[in-house]
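Colleague: Take this structure, written in structure tokens, and hold onto it; I'll ask about it next.
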Amino acid sequence: MRLLDVVAICAVLGGCAASAPEVRARLGQEYIGKNVDALVMKWGPPTSSFRMNSGQSSYVWQLATEMGVSMDRNGNGSAKTYACKVNVVASPTGVIEQLNTEDANAGNGLLGMAGVYGSMCADRLGMKPQG
């Protein structure tokens, strides 16, 4: 099957991977209320962590990074970095209270900007769109 056919099928089906809001909602449903150790077991140690004055802890996992390079018709280039970061706030006992993602559409070009490829986090986590 040609690449263009695959892209067309993905566009018709609403994307090959879930959108950023869908990833956030599904991760929240799966992990809020559980101990942060569940994420450590799944993704390894966080990229960074911080103990807040309230006793809560903040954790960040950077799960994927991709750089896109584009050129305009004058030959001027620009680079942009896309990342999947998962930010978690846990109680003093380690229970996840908040979960959010810093996420961008995966892929470059018009189809990437339109979200046809889904989000970086969905791509990294293998999440397909629901519905």
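Labeling convention for the structure tokens: chains A, B, ... as they appear, residues from 1 per chain, ligands from 1 in order of appearance.
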Check segment 23-113 of chain A with DSSP on the backbone and list each residue it calls helix (DSSP H, G or I), as a PyMOL selection string.
Modeller: chain A and resi 23-31+37-43+109-113
Colleague: Quick one: contact table of segment 57-76 of chain A to segment 96-101 of chain A, 10 Å max, nearest atom pair and distance in Å to one decimal per residue, counting only C-alpha atoms, chain and number order, as a Markdown table?
Modeller:
```
| residue | atom | partner | partner_atom | distance |
| --- | --- | --- | --- | --- |
| A:Ser57 | CA | A:Ile96 | CA | 9.3 |
| A:Ser58 | CA | A:Gln98 | CA | 9.4 |
| A:Tyr59 | CA | A:Leu99 | CA | 9.6 |
| A:Val60 | CA | A:Thr101 | CA | 9.3 |
| A:Trp61 | CA | A:Thr101 | CA | 9.4 |
| A:Gln62 | CA | A:Thr101 | CA | 9.7 |
```
Colleague: Go ahead and write the selection's residues with all heavy atoms as a PDB file, in the first residue's frame.
Modeller:
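New file out_24.pdb:
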```pdb
ATOM      1  N   SER A  57       4.529  16.585  45.692  1.00  0.00           N
ATOM      2  CA  SER A  57       5.683  16.464  44.807  1.00  0.00           C
ATOM      3  C   SER A  57       5.229  16.612  43.367  1.00  0.00           C
ATOM      4  O   SER A  57       4.151  16.160  42.992  1.00  0.00           O
ATOM      5  CB  SER A  57       6.355  15.104  44.982  1.00  0.00           C
ATOM      6  OG  SER A  57       6.893  14.995  46.278  1.00  0.00           O
ATOM      7  N   SER A  58       6.075  17.254  42.580  1.00  0.00           N
ATOM      8  CA  SER A  58       5.824  17.427  41.156  1.00  0.00           C
ATOM      9  C   SER A  58       6.833  16.565  40.397  1.00  0.00           C
ATOM     10  O   SER A  58       8.027  16.565  40.721  1.00  0.00           O
ATOM     11  CB  SER A  58       6.001  18.898  40.789  1.00  0.00           C
ATOM     12  OG  SER A  58       5.983  19.054  39.393  1.00  0.00           O
ATOM     13  N   TYR A  59       6.340  15.838  39.399  1.00  0.00           N
ATOM     14  CA  TYR A  59       7.190  14.961  38.592  1.00  0.00           C
ATOM     15  C   TYR A  59       6.971  15.283  37.117  1.00  0.00           C
ATOM     16  O   TYR A  59       5.858  15.606  36.708  1.00  0.00           O
ATOM     17  CB  TYR A  59       6.830  13.492  38.807  1.00  0.00           C
ATOM     18  CG  TYR A  59       6.955  13.026  40.230  1.00  0.00           C
ATOM     19  CD1 TYR A  59       5.874  13.101  41.107  1.00  0.00           C
ATOM     20  CD2 TYR A  59       8.151  12.506  40.699  1.00  0.00           C
ATOM     21  CE1 TYR A  59       5.979  12.668  42.413  1.00  0.00           C
ATOM     22  CE2 TYR A  59       8.269  12.065  42.015  1.00  0.00           C
ATOM     23  CZ  TYR A  59       7.179  12.146  42.865  1.00  0.00           C
ATOM     24  OH  TYR A  59       7.297  11.722  44.165  1.00  0.00           O
ATOM     25  N   VAL A  60       8.039  15.171  36.340  1.00  0.00           N
ATOM     26  CA  VAL A  60       7.940  15.357  34.891  1.00  0.00           C
ATOM     27  C   VAL A  60       8.636  14.186  34.212  1.00  0.00           C
ATOM     28  O   VAL A  60       9.781  13.859  34.543  1.00  0.00           O
ATOM     29  CB  VAL A  60       8.603  16.678  34.433  1.00  0.00           C
ATOM     30  CG1 VAL A  60       8.570  16.793  32.916  1.00  0.00           C
ATOM     31  CG2 VAL A  60       7.926  17.876  35.076  1.00  0.00           C
ATOM     32  N   TRP A  61       7.909  13.561  33.275  1.00  0.00           N
ATOM     33  CA  TRP A  61       8.490  12.553  32.396  1.00  0.00           C
ATOM     34  C   TRP A  61       8.533  13.126  30.996  1.00  0.00           C
ATOM     35  O   TRP A  61       7.524  13.630  30.506  1.00  0.00           O
ATOM     36  CB  TRP A  61       7.644  11.279  32.363  1.00  0.00           C
ATOM     37  CG  TRP A  61       7.862  10.374  33.523  1.00  0.00           C
ATOM     38  CD1 TRP A  61       8.731   9.324  33.592  1.00  0.00           C
ATOM     39  CD2 TRP A  61       7.186  10.397  34.787  1.00  0.00           C
ATOM     40  NE1 TRP A  61       8.650   8.714  34.812  1.00  0.00           N
ATOM     41  CE2 TRP A  61       7.702   9.355  35.565  1.00  0.00           C
ATOM     42  CE3 TRP A  61       6.195  11.227  35.336  1.00  0.00           C
ATOM     43  CZ2 TRP A  61       7.272   9.091  36.861  1.00  0.00           C
ATOM     44  CZ3 TRP A  61       5.761  10.970  36.612  1.00  0.00           C
ATOM     45  CH2 TRP A  61       6.293   9.912  37.365  1.00  0.00           C
ATOM     46  N   GLN A  62       9.682  13.090  30.357  1.00  0.00           N
ATOM     47  CA  GLN A  62       9.776  13.466  28.951  1.00  0.00           C
ATOM     48  C   GLN A  62       9.896  12.157  28.184  1.00  0.00           C
ATOM     49  O   GLN A  62      10.919  11.490  28.225  1.00  0.00           O
ATOM     50  CB  GLN A  62      10.970  14.378  28.677  1.00  0.00           C
ATOM     51  CG  GLN A  62      10.983  14.829  27.233  1.00  0.00           C
ATOM     52  CD  GLN A  62      11.825  16.067  27.019  1.00  0.00           C
ATOM     53  OE1 GLN A  62      11.955  16.901  27.900  1.00  0.00           O
ATOM     54  NE2 GLN A  62      12.383  16.171  25.839  1.00  0.00           N
TER      55      GLN A  62
END
```
Colleague: For a test of reading the model, state the distance in Å between atom CA of Ile32 of chain A and atom CA of Ala90 of chain A, rounded to one decimal.
Modeller: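 Interatomic distance, atom CA of Ile32 of chain A to atom CA of Ala90 of chain A: 9.0 Å.
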Colleague: Go through A:Leu27, A:Ala79, A:Val88, A:Ala38 one by one, measure the shortest atom-to-atom distance of each to Phe50 of chain A using only C-alpha atoms, and give the residue with the smallest value.
Modeller: A:Val88
Colleague: Which residue is closest to Lys85 of chain A? Choose from A:Arg124, A:Lys34, A:Lys42, A:Arg51 and count only C-alpha atoms.
Modeller: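 The answer is A:Arg124, which sits nearest to Lys85 of chain A.
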